[in-house]
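Below: upload.txt (compact mmCIF, C-alpha atoms)
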# COMPACT_ATOMS: atom_id res chain seq x y z
CA MET I 866 -3.86 15.35 23.14
CA VAL I 867 -4.02 11.66 22.34
CA PRO I 868 -0.66 10.36 21.08
CA ILE I 869 -0.52 8.82 17.63
CA SER I 870 0.01 5.31 19.00
CA TYR I 871 -3.53 5.29 20.44
CA HIS I 872 -5.01 5.80 16.98
CA LEU I 873 -2.76 3.12 15.53
CA ILE I 874 -3.65 0.62 18.24
CA LEU I 875 -7.37 1.27 17.70
CA SER I 876 -6.78 0.75 13.99
CA GLY I 877 -4.96 -2.51 14.74
CA ILE I 878 -7.79 -3.74 16.95
CA LEU I 879 -10.40 -2.99 14.29
CA PHE I 880 -8.27 -4.72 11.66
CA THR I 881 -7.92 -7.78 13.88
CA ILE I 882 -11.68 -7.90 14.43
CA GLY I 883 -12.01 -7.95 10.65
CA VAL I 884 -9.48 -10.79 10.29
CA THR I 885 -11.23 -12.77 13.02
CA GLY I 886 -14.55 -12.25 11.26
CA VAL I 887 -13.16 -13.60 7.99
CA LEU I 888 -11.83 -16.69 9.78
CA LEU I 889 -14.84 -17.32 12.02
CA ARG I 890 -17.88 -16.67 9.86
CA ARG I 891 -18.97 -18.95 7.02
CA ASN I 892 -21.50 -16.61 5.41
CA ILE I 893 -19.85 -15.03 2.37
CA ILE I 894 -21.67 -11.72 2.81
CA ILE I 895 -20.49 -11.37 6.40
CA ILE I 896 -16.95 -12.28 5.31
CA PHE I 897 -17.29 -9.45 2.80
CA MET I 898 -18.39 -7.05 5.54
CA ALA I 899 -15.39 -8.08 7.64
CA ILE I 900 -13.17 -7.16 4.68
CA GLU I 901 -14.81 -3.73 4.60
CA LEU I 902 -14.05 -3.43 8.30
CA MET I 903 -10.37 -4.14 7.62
CA LEU I 904 -10.27 -1.53 4.84
CA ASN I 905 -11.76 1.01 7.23
CA ALA I 906 -9.22 0.19 9.90
CA VAL I 907 -6.45 0.93 7.40
CA ASN I 908 -8.19 4.18 6.42
CA LEU I 909 -8.23 5.16 10.07
CA SER I 910 -4.48 4.77 10.42
CA PHE I 911 -3.92 6.70 7.16
CA VAL I 912 -6.01 9.61 8.41
CA ALA I 913 -4.37 9.57 11.85
CA LEU I 914 -0.88 9.62 10.33
CA ALA I 915 -1.87 12.38 7.89
CA ARG I 916 -2.97 14.44 10.89
CA HIS I 917 0.20 13.57 12.76
CA PHE I 918 2.59 14.64 10.04
CA GLY I 919 0.46 17.53 8.76
CA ASN I 920 0.54 16.03 5.27
CA MET I 921 -2.49 15.61 3.02
CA ASP I 922 -1.16 12.56 1.17
CA GLY I 923 -2.69 10.14 3.64
CA GLN I 924 -6.17 11.53 3.07
CA ILE I 925 -5.74 11.22 -0.69
CA ILE I 926 -4.79 7.56 -0.30
CA VAL I 927 -8.00 7.11 1.69
CA PHE I 928 -9.90 8.55 -1.26
CA PHE I 929 -8.35 5.91 -3.52
CA VAL I 930 -8.97 3.12 -1.02
CA MET I 931 -12.63 4.10 -0.92
CA SER I 932 -13.03 4.00 -4.68
CA VAL I 933 -11.28 0.63 -4.89
CA ALA I 934 -13.57 -0.66 -2.12
CA ALA I 935 -16.61 0.55 -4.04
CA ALA I 936 -15.46 -1.25 -7.19
CA GLU I 937 -14.68 -4.37 -5.17
CA VAL I 938 -18.12 -4.42 -3.55
CA ALA I 939 -19.91 -3.95 -6.86
CA VAL I 940 -18.10 -6.85 -8.54
CA GLY I 941 -18.02 -9.03 -5.43
CA LEU I 942 -21.72 -8.79 -4.73
CA ALA I 943 -22.47 -9.52 -8.38
CA ILE I 944 -20.35 -12.67 -8.07
CA ILE I 945 -22.16 -13.64 -4.86
CA LEU I 946 -25.52 -13.21 -6.61
CA LEU I 947 -24.31 -15.37 -9.48
CA VAL I 948 -23.01 -18.08 -7.13
CA PHE I 949 -26.25 -18.04 -5.15
CA ARG I 950 -28.28 -18.46 -8.32
CA GLY I 951 -26.27 -21.53 -9.29
CA ARG I 952 -25.63 -23.19 -5.95
CA GLU I 953 -28.44 -21.90 -3.71
CA THR I 954 -26.03 -21.25 -0.84
CA VAL I 955 -23.82 -18.51 0.58
CA ASN I 956 -21.95 -20.80 2.94
CA ALA I 957 -18.25 -20.63 2.18
CA ASP I 958 -17.73 -24.24 3.28
CA GLU I 959 -20.10 -25.54 0.63
CA LEU I 960 -18.47 -23.53 -2.15
CA ASN I 961 -15.46 -25.79 -2.53
CA LEU I 962 -15.50 -26.43 -6.27
CA MET I 963 -12.08 -24.82 -6.81
CA ARG I 964 -10.54 -26.05 -3.61
CA TRP I 965 -8.65 -29.08 -4.88
CA MET Y 107 -8.57 15.00 20.01
CA ASP Y 108 -8.43 14.67 23.77
CA PHE Y 109 -8.63 11.48 25.79
CA VAL Y 110 -12.33 11.76 26.65
CA THR Y 111 -13.32 12.11 23.00
CA PHE Y 112 -10.99 9.30 22.02
CA PHE Y 113 -12.42 6.80 24.47
CA ALA Y 114 -15.99 7.95 23.89
CA LEU Y 115 -15.48 7.03 20.22
CA ALA Y 116 -13.06 4.11 20.48
CA ILE Y 117 -14.98 1.95 22.94
CA PRO Y 118 -18.30 2.01 21.02
CA LEU Y 119 -16.33 1.47 17.80
CA VAL Y 120 -14.72 -1.72 19.06
CA VAL Y 121 -17.93 -3.03 20.66
CA ILE Y 122 -20.01 -2.41 17.54
CA ALA Y 123 -17.29 -3.84 15.29
CA ILE Y 124 -17.39 -7.03 17.34
CA MET Y 125 -21.18 -7.06 17.00
CA VAL Y 126 -20.74 -6.90 13.20
CA ILE Y 127 -18.92 -10.21 13.11
CA ALA Y 128 -20.71 -11.81 16.08
CA HIS Y 129 -24.38 -11.26 15.25
CA PRO Y 130 -25.98 -14.30 13.59
CA SER Y 131 -28.29 -12.31 11.31
CA PRO Y 132 -26.67 -10.69 8.22
CA VAL Y 133 -29.12 -7.78 8.26
CA TYR Y 134 -28.14 -6.84 11.80
CA SER Y 135 -24.48 -7.23 10.86
CA ALA Y 136 -24.97 -4.78 8.00
CA LEU Y 137 -26.74 -2.28 10.27
CA PHE Y 138 -23.98 -2.54 12.86
CA LEU Y 139 -21.46 -1.98 10.08
CA VAL Y 140 -23.32 1.22 9.14
CA LEU Y 141 -23.01 2.35 12.75
CA THR Y 142 -19.27 1.56 12.71
CA LEU Y 143 -18.85 3.62 9.55
CA PHE Y 144 -20.72 6.58 11.04
CA LEU Y 145 -18.59 6.46 14.18
CA LEU Y 146 -15.46 6.36 12.02
CA ALA Y 147 -16.72 9.40 10.12
CA VAL Y 148 -17.05 11.29 13.41
CA TYR Y 149 -13.55 10.10 14.31
CA PHE Y 150 -12.25 11.48 11.01
CA LEU Y 151 -13.86 14.84 11.80
CA PHE Y 152 -11.87 15.01 15.01
CA LEU Y 153 -8.72 14.23 13.03
CA ASP Y 154 -9.31 17.29 10.78
CA ALA Y 155 -10.24 15.17 7.77
CA HIS Y 156 -13.53 16.84 6.87
CA VAL Y 157 -13.72 15.76 3.25
CA VAL Y 158 -12.85 12.19 4.12
CA ALA Y 159 -15.55 12.16 6.80
CA ALA Y 160 -18.15 13.38 4.30
CA LEU Y 161 -16.98 10.84 1.73
CA GLN Y 162 -17.10 8.11 4.35
CA ILE Y 163 -20.79 8.76 4.98
CA ILE Y 164 -21.73 9.29 1.34
CA VAL Y 165 -19.73 6.46 -0.23
CA TYR Y 166 -19.56 3.85 2.51
CA ALA Y 167 -22.64 4.32 4.64
CA GLY Y 168 -24.64 5.48 1.65
CA ALA Y 169 -23.68 3.60 -1.47
CA ILE Y 170 -21.80 0.51 -0.36
CA MET Y 171 -24.07 -0.43 2.53
CA VAL Y 172 -27.17 0.02 0.39
CA LEU Y 173 -25.65 -2.49 -2.03
CA PHE Y 174 -25.02 -4.90 0.84
CA LEU Y 175 -28.55 -4.59 2.23
CA PHE Y 176 -29.96 -4.89 -1.26
CA VAL Y 177 -28.15 -8.18 -1.86
CA ILE Y 178 -29.11 -9.52 1.59
CA MET Y 179 -32.77 -8.74 0.94
CA LEU Y 180 -32.52 -10.17 -2.57
CA LEU Y 181 -31.07 -13.46 -1.35
CA ASN Y 182 -33.62 -13.61 1.49
CA LEU Y 183 -30.99 -14.89 3.92
CA GLN Y 184 -32.01 -16.33 7.22
CA SER Y 185 -29.60 -16.13 10.11
CA ASP Y 186 -27.16 -19.00 9.84
CA THR Y 187 -28.15 -21.10 12.80
CA GLN Y 188 -25.71 -23.90 12.17
CA PRO Y 189 -22.51 -23.16 14.05
CA THR Y 190 -19.24 -23.39 12.25
CA PRO Y 191 -18.38 -27.09 12.26
CA ARG Y 192 -14.66 -26.59 12.67
CA HIS Y 193 -14.29 -25.43 16.24
CA GLY Y 194 -10.53 -25.64 16.05
CA LEU Y 195 -10.47 -22.88 13.45
CA GLY Y 196 -12.65 -20.61 15.59
CA ARG Y 197 -10.46 -21.01 18.62
CA ALA Y 198 -7.34 -20.49 16.51
CA ALA Y 199 -8.83 -17.32 15.03
CA ILE Y 200 -9.56 -15.82 18.44
CA ILE Y 201 -6.16 -16.76 19.86
CA GLY Y 202 -4.42 -15.47 16.74
CA GLY Y 203 -6.36 -12.21 16.95
CA VAL Y 204 -5.39 -11.63 20.56
CA ILE Y 205 -1.75 -12.38 19.79
CA LEU Y 206 -1.81 -10.02 16.81
CA VAL Y 207 -3.21 -7.14 18.88
CA ALA Y 208 -0.69 -7.80 21.65
CA GLU Y 209 2.19 -7.81 19.18
CA LEU Y 210 1.00 -4.61 17.51
CA GLY Y 211 0.73 -2.91 20.88
CA LEU Y 212 4.18 -4.09 21.92
CA LEU Y 213 5.70 -2.96 18.64
CA LEU Y 214 4.10 0.46 18.88
CA GLN Y 215 5.18 0.86 22.48
CA ARG Y 216 8.76 0.09 21.56
CA SER Y 217 9.00 2.11 18.39
CA SER Y 218 6.94 5.15 19.32
CA SER Y 219 9.25 8.08 19.36
CA GLU Y 220 6.66 10.41 20.81
CA GLN Y 221 7.53 13.34 18.67
CA ALA Y 222 5.22 16.29 18.80
CA GLU Y 223 2.59 16.64 16.11
CA SER Y 224 3.65 18.75 13.19
CA SER Y 225 1.83 22.03 12.90
CA LEU Y 226 -1.02 21.84 10.45
CA PRO Y 227 -1.00 23.82 7.21
CA GLU Y 228 -3.59 26.56 6.78
CA ASN Y 229 -6.21 24.66 4.80
CA PHE Y 230 -5.59 21.13 6.07
CA GLY Y 231 -8.33 18.68 5.13
CA THR Y 232 -10.47 21.10 3.12
CA VAL Y 233 -12.04 20.33 -0.23
CA GLU Y 234 -9.75 22.89 -1.83
CA ALA Y 235 -6.52 21.36 -0.55
CA LEU Y 236 -7.58 17.80 -1.34
CA GLY Y 237 -8.90 18.73 -4.77
CA SER Y 238 -5.85 20.68 -5.86
CA GLN Y 239 -3.56 17.80 -4.87
CA LEU Y 240 -5.84 15.28 -6.52
CA PHE Y 241 -5.84 17.14 -9.84
CA THR Y 242 -2.13 17.95 -9.92
CA THR Y 243 0.17 15.53 -8.12
CA TYR Y 244 -2.21 12.57 -8.19
CA LEU Y 245 -3.81 13.16 -11.58
CA LEU Y 246 -2.77 9.83 -13.10
CA PRO Y 247 -3.98 7.65 -10.20
CA PHE Y 248 -7.19 9.68 -10.23
CA GLU Y 249 -7.81 8.91 -13.90
CA ILE Y 250 -6.94 5.26 -13.35
CA THR Y 251 -9.49 5.15 -10.52
CA GLY Y 252 -12.09 6.42 -12.95
CA ILE Y 253 -11.28 3.61 -15.38
CA LEU Y 254 -11.34 1.10 -12.52
CA LEU Y 255 -14.84 2.19 -11.54
CA LEU Y 256 -15.99 1.97 -15.16
CA VAL Y 257 -14.59 -1.56 -15.42
CA ALA Y 258 -16.29 -2.50 -12.14
CA VAL Y 259 -19.65 -1.19 -13.34
CA VAL Y 260 -19.39 -3.03 -16.65
CA GLY Y 261 -18.21 -6.19 -14.88
CA ALA Y 262 -21.05 -6.10 -12.37
CA VAL Y 263 -23.65 -5.67 -15.12
CA VAL Y 264 -22.14 -8.46 -17.23
CA LEU Y 265 -21.98 -10.83 -14.23
CA ALA Y 266 -25.50 -10.05 -13.05
CA LYS Y 267 -27.02 -10.46 -16.52
CA ARG Y 268 -25.51 -13.88 -17.16
I'd like the structure from this file rewritten - as structure tokens, please.
Amino acid sequence: MVPISYHLILSGILFTIGVTGVLLRRNIIIIFMAIELMLNAVNLSFVALARHFGNMDGQIIVFFVMSVAAAEVAVGLAIILLVFRGRETVNADELNLMRW
Amino acid sequence: MDFVTFFALAIPLVVIAIMVIAHPSPVYSALFLVLTLFLLAVYFLFLDAHVVAALQIIVYAGAIMVLFLFVIMLLNLQSDTQPTPRHGLGRAAIIGGVILVAELGLLLQRSSSEQAESSLPENFGTVEALGSQLFTTYLLPFEITGILLLVAVVGAVVLAKR
């Protein structure tokens, strides 16, 4: 059997890939996908810990995380569409209206 | 889950996740993300989370990724050929990522009291067990989630119509 720390380390690696994606990429949509990746990494550790402790609560939290992610994607992509219509770009560096 | 299964799933997961953030074209990134989500669903199956695995495919790989692809097609994005102008940030991100993983590993190694896995209850991970918990203990958060989704739908429509 694989010890619990293996699952948690895999989850940490996936989360870090997501963080790196947010910092490296300038395309808003890919930044968004990296955020989804981070949410999934957290889901993975929830499920692994639920299995480890034999407790269903972790899986129920995953259910809530998924519905929040769905809501976030719906609103976020609508905002991206709106921004693209006004500014004709999805580059995060050029969207600096509220920066200073 | 034994070691062979773990590594057979974990190595492709990490490689494909890196492809998600490394590929220049957004469409390919989205498709790689779909692959990541499918692999995670299989992973969940091995962790006795059957409902969560099904939800992962239906909600994430089905609904959310369709939204992503839809928006990418709608915006008609080309692959961003211009490299990120701030090379310092890129290097810092990679170094920071490596340090973060190393620290997490170190922390886990130190704190892991390798206690045996608890024995699983009879109906662990079934629709019945998840549903009965969801509609009793977690009824209020469940209802709030419903309102949240309603707000999101209304918000998305209002934003898109403007």
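Those residues of chain I that fall within 6 Å of chain Y when using only C-alpha atoms read Met866, Val867, Thr881, Thr885, Gly886, Leu889, His917, Phe918, Gly919, Ala936, Val940 and Ala943 of chain I.
Using all atoms listed in the file, the smallest distance between any of Y:Val233, Y:Ile253, Y:Met179, Y:Val172 and I:Ala939 comes from Y:Val172.
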Show me, as a list in words, the residues that have an atom within 10 Å of I:Val887 when counting all atoms listed in the file, minus same-chain residues fewer than 3 positions from it.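 With the cut-off at 10 Å, the set is Thr881, Ile882, Gly883, Val884, Arg890, Arg891, Asn892, Ile893, Ile895, Ile896, Phe897, Met898, Ala899, Ile900 and Met903 of chain I; Ile127 and Ala199 of chain Y.
One finds atom CA of Y:Leu115 at 14.4 Å from atom CA of Y:Ala159.
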Work out how far apart atom CA of I:Gly941 and atom CA of I:Ile878 are and give it in Å to one decimal.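 Pair atom CA of I:Gly941 / atom CA of I:Ile878 returns 25.2 Å.
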